[in-house]
file start-v4.pdb (PDB, C-alpha atoms)
MODEL        1
ATOM      1  CA  MET R   1       7.722  -1.615  12.528
ATOM      2  CA  PRO R   2       6.611   2.015  12.764
ATOM      3  CA  ARG R   3       5.015   3.806   9.854
ATOM      4  CA  CYS R   4       5.569   7.484   9.029
ATOM      5  CA  GLU R   5       3.037   9.878   7.507
ATOM      6  CA  HIS R   6       4.639   9.597   4.053
ATOM      7  CA  PHE R   7       3.057   6.132   3.766
ATOM      8  CA  GLU R   8      -0.415   7.302   4.863
ATOM      9  CA  GLY R   9      -2.880   7.382   1.980
ATOM     10  CA  LEU R  10      -0.184   6.289  -0.471
ATOM     11  CA  GLU R  11      -1.084   3.560  -2.941
ATOM     12  CA  ILE R  12       1.526   0.869  -2.358
ATOM     13  CA  LEU R  13       2.672   0.100  -5.886
ATOM     14  CA  PRO R  14       3.447  -3.549  -6.562
ATOM     15  CA  VAL R  15       6.879  -4.489  -7.860
ATOM     16  CA  PRO R  16       6.619  -5.300 -11.583
ATOM     17  CA  GLN R  17       6.725  -9.016 -12.465
ATOM     18  CA  VAL R  18       9.933  -8.457 -14.441
ATOM     19  CA  VAL R  19      12.531  -5.933 -13.305
ATOM     20  CA  ALA R  20      15.459  -5.642 -15.717
ATOM     21  CA  GLY R  21      17.605  -3.726 -13.209
ATOM     22  CA  CYS R  22      18.484  -0.220 -12.098
ATOM     23  CA  GLU R  23      17.251   2.150 -14.806
ATOM     24  CA  GLU R  24      20.386   4.324 -14.783
ATOM     25  CA  CYS R  25      22.882   1.461 -14.398
ATOM     26  CA  LEU R  26      21.358  -0.330 -17.382
ATOM     27  CA  LYS R  27      21.978   2.794 -19.501
ATOM     28  CA  THR R  28      25.618   3.133 -18.421
ATOM     29  CA  GLY R  29      26.519  -0.557 -18.143
ATOM     30  CA  ASP R  30      27.210  -0.320 -14.403
ATOM     31  CA  GLY R  31      26.321  -2.981 -11.850
ATOM     32  CA  TRP R  32      24.198  -2.862  -8.702
ATOM     33  CA  VAL R  33      23.733  -4.815  -5.463
ATOM     34  CA  HIS R  34      19.981  -4.573  -4.697
ATOM     35  CA  LEU R  35      17.065  -2.785  -6.334
ATOM     36  CA  ARG R  36      14.617  -0.297  -4.841
ATOM     37  CA  MET R  37      11.368   1.045  -6.275
ATOM     38  CA  CYS R  38      10.084   4.588  -5.702
ATOM     39  CA  LEU R  39       6.549   4.426  -4.311
ATOM     40  CA  ASN R  40       5.760   7.857  -5.692
ATOM     41  CA  CYS R  41       6.473   7.133  -9.382
ATOM     42  CA  GLY R  42       7.692   3.532  -9.813
ATOM     43  CA  HIS R  43      11.323   4.387 -10.683
ATOM     44  CA  ILE R  44      13.676   1.420 -10.184
ATOM     45  CA  GLY R  45      17.081   2.379  -8.767
ATOM     46  CA  CYS R  46      19.987   0.714  -7.028
ATOM     47  CA  CYS R  47      20.434   0.637  -3.245
ATOM     48  CA  ASP R  48      22.877   2.524  -1.032
ATOM     49  CA  SER R  49      25.219  -0.499  -1.058
ATOM     50  CA  SER R  50      25.557  -0.147  -4.835
ATOM     51  CA  PRO R  51      28.344   2.047  -6.243
ATOM     52  CA  ASN R  52      25.979   4.628  -7.794
ATOM     53  CA  ARG R  53      23.166   4.760  -5.190
ATOM     54  CA  HIS R  54      20.614   5.711  -7.854
ATOM     55  CA  ALA R  55      17.531   5.188  -5.644
ATOM     56  CA  ARG R  56      18.848   7.784  -3.166
ATOM     57  CA  LYS R  57      19.900  10.137  -5.982
ATOM     58  CA  HIS R  58      16.359   9.876  -7.389
ATOM     59  CA  GLN R  59      14.961  10.845  -3.987
ATOM     60  CA  GLU R  60      17.373  13.768  -3.637
ATOM     61  CA  GLU R  61      16.645  15.105  -7.135
ATOM     62  CA  LEU R  62      12.845  14.679  -7.121
ATOM     63  CA  GLY R  63      11.992  14.719  -3.417
ATOM     64  CA  HIS R  64      10.131  11.412  -3.535
ATOM     65  CA  PRO R  65      10.495  10.249   0.082
ATOM     66  CA  VAL R  66       9.447   6.577   0.055
ATOM     67  CA  ILE R  67      10.738   3.421  -1.604
ATOM     68  CA  ARG R  68      10.158  -0.286  -1.335
ATOM     69  CA  SER R  69      12.483  -3.182  -1.886
ATOM     70  CA  ALA R  70      12.254  -4.506  -5.444
ATOM     71  CA  GLU R  71      13.911  -7.766  -4.392
ATOM     72  CA  PRO R  72      11.843 -10.965  -4.699
ATOM     73  CA  GLY R  73      10.073 -11.918  -1.469
ATOM     74  CA  GLU R  74      10.871  -8.654   0.370
ATOM     75  CA  THR R  75       7.886  -6.589   1.557
ATOM     76  CA  TRP R  76       9.463  -3.646   3.358
ATOM     77  CA  GLY R  77       9.355   0.049   2.592
ATOM     78  CA  TYR R  78      11.609   2.894   3.685
ATOM     79  CA  CYS R  79      11.129   6.637   4.190
ATOM     80  CA  TYR R  80      14.261   8.667   3.453
ATOM     81  CA  ALA R  81      12.826  11.768   5.154
ATOM     82  CA  HIS R  82      12.296  10.058   8.518
ATOM     83  CA  ASP R  83      14.770   7.155   8.290
ATOM     84  CA  VAL R  84      11.923   4.716   8.986
ATOM     85  CA  THR R  85      11.578   1.175   7.660
ATOM     86  CA  THR R  86       8.087  -0.322   7.607
ATOM     87  CA  ASN R  87       6.443  -3.614   6.661
ATOM     88  CA  LEU R  88       4.277  -3.302   3.555
ATOM     89  CA  GLY R  89       3.210  -6.953   3.565
TER      90      GLY R  89
ENDMDL
END

call {"tool": "encode", "arguments": {"input": "start-v4.pdb", "output": "structure tokens"}}
result
Amino acid sequence: MPRCEHFEGLEILPVPQVVAGCEECLKTGDGWVHLRMCLNCGHIGCCDSSPNRHARKHQEELGHPVIRSAEPGETWGYCYAHDVTTNLG
């Protein structure tokens, strides 16, 4: 998988041992499909397949370009700016 410059020099944050769910969905009582973690600040949001798409909204509001899957056993990252998925394993 290719890697874009947004991953260069970035500390790849580990997914916390316990993830309660999408931060915004937990506040509103909404559900999600999959979880994503911002690699710039650690925010946990829901994926684009979820009704609220909070991970993407976080990126659009704050300009944080890279996320990783917060799903158990998944080691991929994604850059919104360049539409690039990369292996973080």

call {"tool": "resolve_selection", "arguments": {"input": "start-v4.pdb", "expression": "the PyMOL selection byres ((chain R and resi 4) around 9)", "output": "VMD selection string"}}
result
chain R and resid 2 to 3 5 to 8 79 82 84 to 86

call {"tool": "closest_residue", "arguments": {"input": "start-v4.pdb", "among": "R:Ile12, R:Val18, R:Cys25, R:Val66", "to": "Cys38 in chain R", "atoms": "all atoms listed in the file"}}
result
R:Val66

call {"tool": "resolve_selection", "arguments": {"input": "start-v4.pdb", "expression": "the PyMOL selection byres ((chain R and resi 15) around 9)", "output": "MDAnalysis selection string"}}
result
chainID R and resid 13:14 16:19 37 42 68:72

call {"tool": "resolve_selection", "arguments": {"input": "start-v4.pdb", "expression": "the PyMOL selection byres ((chain R and resi 23) around 8)", "output": "list in words"}}
result
Gly21, Cys22, Glu24, Cys25, Leu26, Lys27, His43, Ile44 and Gly45 of chain R

call {"tool": "residues_around", "arguments": {"input": "start-v4.pdb", "residues": "Trp32 in chain R", "least_positions_apart": "4", "cutoff": "7 Å", "atoms": "all atoms listed in the file", "output": "number ranges by chain"}}
result
R: 46, 50-51

call {"tool": "decode", "arguments": {"input": "start-v4.pdb", "residues": "range 8-56 of chain R", "atoms": "N, CA and C atoms", "output": "CSV table (one decimal), in the first residue's frame"}}
result
chain,number,residue,atom,x,y,z
R,8,GLU,N,4.3,10.7,7.2
R,8,GLU,CA,5.7,10.8,7.4
R,8,GLU,C,6.0,11.6,8.7
R,9,GLY,N,6.8,11.0,9.6
R,9,GLY,CA,7.2,11.7,10.8
R,9,GLY,C,6.1,11.7,11.8
R,10,LEU,N,4.9,11.2,11.5
R,10,LEU,CA,3.8,11.2,12.5
R,10,LEU,C,3.9,10.0,13.4
R,11,GLU,N,3.8,10.2,14.7
R,11,GLU,CA,3.7,9.2,15.7
R,11,GLU,C,2.4,8.4,15.5
R,12,ILE,N,2.5,7.1,15.2
R,12,ILE,CA,1.3,6.3,15.0
R,12,ILE,C,0.8,5.9,16.4
R,13,LEU,N,-0.3,6.6,16.8
R,13,LEU,CA,-0.9,6.4,18.0
R,13,LEU,C,-1.5,5.0,18.1
R,14,PRO,N,-1.3,4.3,19.2
R,14,PRO,CA,-2.0,3.0,19.3
R,14,PRO,C,-3.5,3.2,19.7
R,15,VAL,N,-4.3,2.3,19.3
R,15,VAL,CA,-5.7,2.3,19.7
R,15,VAL,C,-5.8,2.0,21.2
R,16,PRO,N,-6.6,2.8,21.9
R,16,PRO,CA,-6.7,2.5,23.4
R,16,PRO,C,-7.2,1.0,23.6
R,17,GLN,N,-6.8,0.4,24.7
R,17,GLN,CA,-7.2,-0.9,25.0
R,17,GLN,C,-8.8,-1.0,25.1
R,18,VAL,N,-9.4,0.0,25.6
R,18,VAL,CA,-10.9,0.0,25.7
R,18,VAL,C,-11.4,1.2,25.0
R,19,VAL,N,-12.2,1.0,24.0
R,19,VAL,CA,-12.9,2.1,23.2
R,19,VAL,C,-14.4,1.9,23.4
R,20,ALA,N,-14.9,2.9,24.1
R,20,ALA,CA,-16.4,2.8,24.4
R,20,ALA,C,-17.3,3.0,23.2
R,21,GLY,N,-16.8,3.8,22.2
R,21,GLY,CA,-17.5,4.0,21.0
R,21,GLY,C,-17.2,5.4,20.4
R,22,CYS,N,-18.0,5.8,19.5
R,22,CYS,CA,-17.9,7.1,18.8
R,22,CYS,C,-18.2,8.1,19.9
R,23,GLU,N,-17.3,9.1,20.1
R,23,GLU,CA,-17.4,10.1,21.1
R,23,GLU,C,-18.7,10.9,21.0
R,24,GLU,N,-19.1,11.3,19.8
R,24,GLU,CA,-20.3,12.1,19.6
R,24,GLU,C,-21.6,11.2,19.7
R,25,CYS,N,-21.5,10.0,19.1
R,25,CYS,CA,-22.7,9.1,19.1
R,25,CYS,C,-23.0,8.7,20.6
R,26,LEU,N,-22.0,8.5,21.4
R,26,LEU,CA,-22.2,8.2,22.8
R,26,LEU,C,-23.0,9.3,23.5
R,27,LYS,N,-22.7,10.6,23.2
R,27,LYS,CA,-23.4,11.7,23.8
R,27,LYS,C,-24.8,11.8,23.4
R,28,THR,N,-25.1,11.5,22.1
R,28,THR,CA,-26.5,11.7,21.6
R,28,THR,C,-27.3,10.4,21.6
R,29,GLY,N,-26.7,9.2,21.9
R,29,GLY,CA,-27.4,8.0,21.9
R,29,GLY,C,-27.6,7.3,20.6
R,30,ASP,N,-26.8,7.8,19.6
R,30,ASP,CA,-26.9,7.3,18.2
R,30,ASP,C,-26.0,6.0,18.1
R,31,GLY,N,-26.2,5.3,17.1
R,31,GLY,CA,-25.3,4.1,16.8
R,31,GLY,C,-24.3,4.3,15.7
R,32,TRP,N,-23.4,3.4,15.6
R,32,TRP,CA,-22.3,3.5,14.6
R,32,TRP,C,-22.1,2.1,14.0
R,33,VAL,N,-21.3,2.1,12.9
R,33,VAL,CA,-21.0,0.8,12.2
R,33,VAL,C,-19.6,0.4,12.6
R,34,HIS,N,-18.6,1.2,12.3
R,34,HIS,CA,-17.2,1.0,12.7
R,34,HIS,C,-16.6,2.2,13.3
R,35,LEU,N,-15.5,2.1,14.0
R,35,LEU,CA,-14.8,3.2,14.6
R,35,LEU,C,-13.5,3.5,14.0
R,36,ARG,N,-13.2,4.8,14.0
R,36,ARG,CA,-11.9,5.3,13.4
R,36,ARG,C,-11.3,6.3,14.4
R,37,MET,N,-10.0,6.3,14.5
R,37,MET,CA,-9.2,7.1,15.4
R,37,MET,C,-8.4,8.1,14.7
R,38,CYS,N,-8.5,9.4,15.0
R,38,CYS,CA,-7.7,10.4,14.4
R,38,CYS,C,-6.2,10.3,14.9
R,39,LEU,N,-5.3,10.2,14.0
R,39,LEU,CA,-3.9,10.1,14.3
R,39,LEU,C,-3.2,11.4,14.7
R,40,ASN,N,-4.0,12.5,14.6
R,40,ASN,CA,-3.4,13.8,15.0
R,40,ASN,C,-3.7,14.1,16.4
R,41,CYS,N,-4.9,13.6,17.0
R,41,CYS,CA,-5.3,13.9,18.3
R,41,CYS,C,-5.9,12.8,19.1
R,42,GLY,N,-6.2,11.7,18.5
R,42,GLY,CA,-6.7,10.5,19.2
R,42,GLY,C,-8.3,10.5,19.3
R,43,HIS,N,-8.9,11.4,18.7
R,43,HIS,CA,-10.4,11.4,18.7
R,43,HIS,C,-10.9,10.1,18.1
R,44,ILE,N,-12.0,9.6,18.7
R,44,ILE,CA,-12.6,8.4,18.2
R,44,ILE,C,-14.0,8.8,17.6
R,45,GLY,N,-14.1,8.5,16.3
R,45,GLY,CA,-15.4,8.8,15.6
R,45,GLY,C,-15.9,7.6,14.8
R,46,CYS,N,-17.1,7.8,14.3
R,46,CYS,CA,-17.7,6.7,13.5
R,46,CYS,C,-17.3,6.8,12.0
R,47,CYS,N,-17.3,5.7,11.3
R,47,CYS,CA,-16.9,5.7,9.9
R,47,CYS,C,-17.9,6.2,8.9
R,48,ASP,N,-17.6,6.3,7.7
R,48,ASP,CA,-18.4,6.8,6.6
R,48,ASP,C,-19.6,6.0,6.4
R,49,SER,N,-19.6,4.7,6.8
R,49,SER,CA,-20.8,3.8,6.7
R,49,SER,C,-21.8,4.1,7.8
R,50,SER,N,-21.4,4.8,8.8
R,50,SER,CA,-22.3,5.1,9.9
R,50,SER,C,-23.2,6.3,9.6
R,51,PRO,N,-24.4,6.4,10.2
R,51,PRO,CA,-25.3,7.5,9.8
R,51,PRO,C,-24.7,8.9,10.0
R,52,ASN,N,-23.9,9.1,11.0
R,52,ASN,CA,-23.4,10.5,11.3
R,52,ASN,C,-22.0,10.8,10.8
R,53,ARG,N,-21.2,9.8,10.4
R,53,ARG,CA,-19.9,10.0,9.8
R,53,ARG,C,-19.0,11.0,10.6
R,54,HIS,N,-19.0,10.8,11.9
R,54,HIS,CA,-18.3,11.7,12.8
R,54,HIS,C,-16.8,11.8,12.6
R,55,ALA,N,-16.1,10.7,12.2
R,55,ALA,CA,-14.7,10.8,11.9
R,55,ALA,C,-14.4,11.7,10.8
R,56,ARG,N,-15.2,11.7,9.7
R,56,ARG,CA,-15.0,12.6,8.6
R,56,ARG,C,-15.4,14.0,9.0
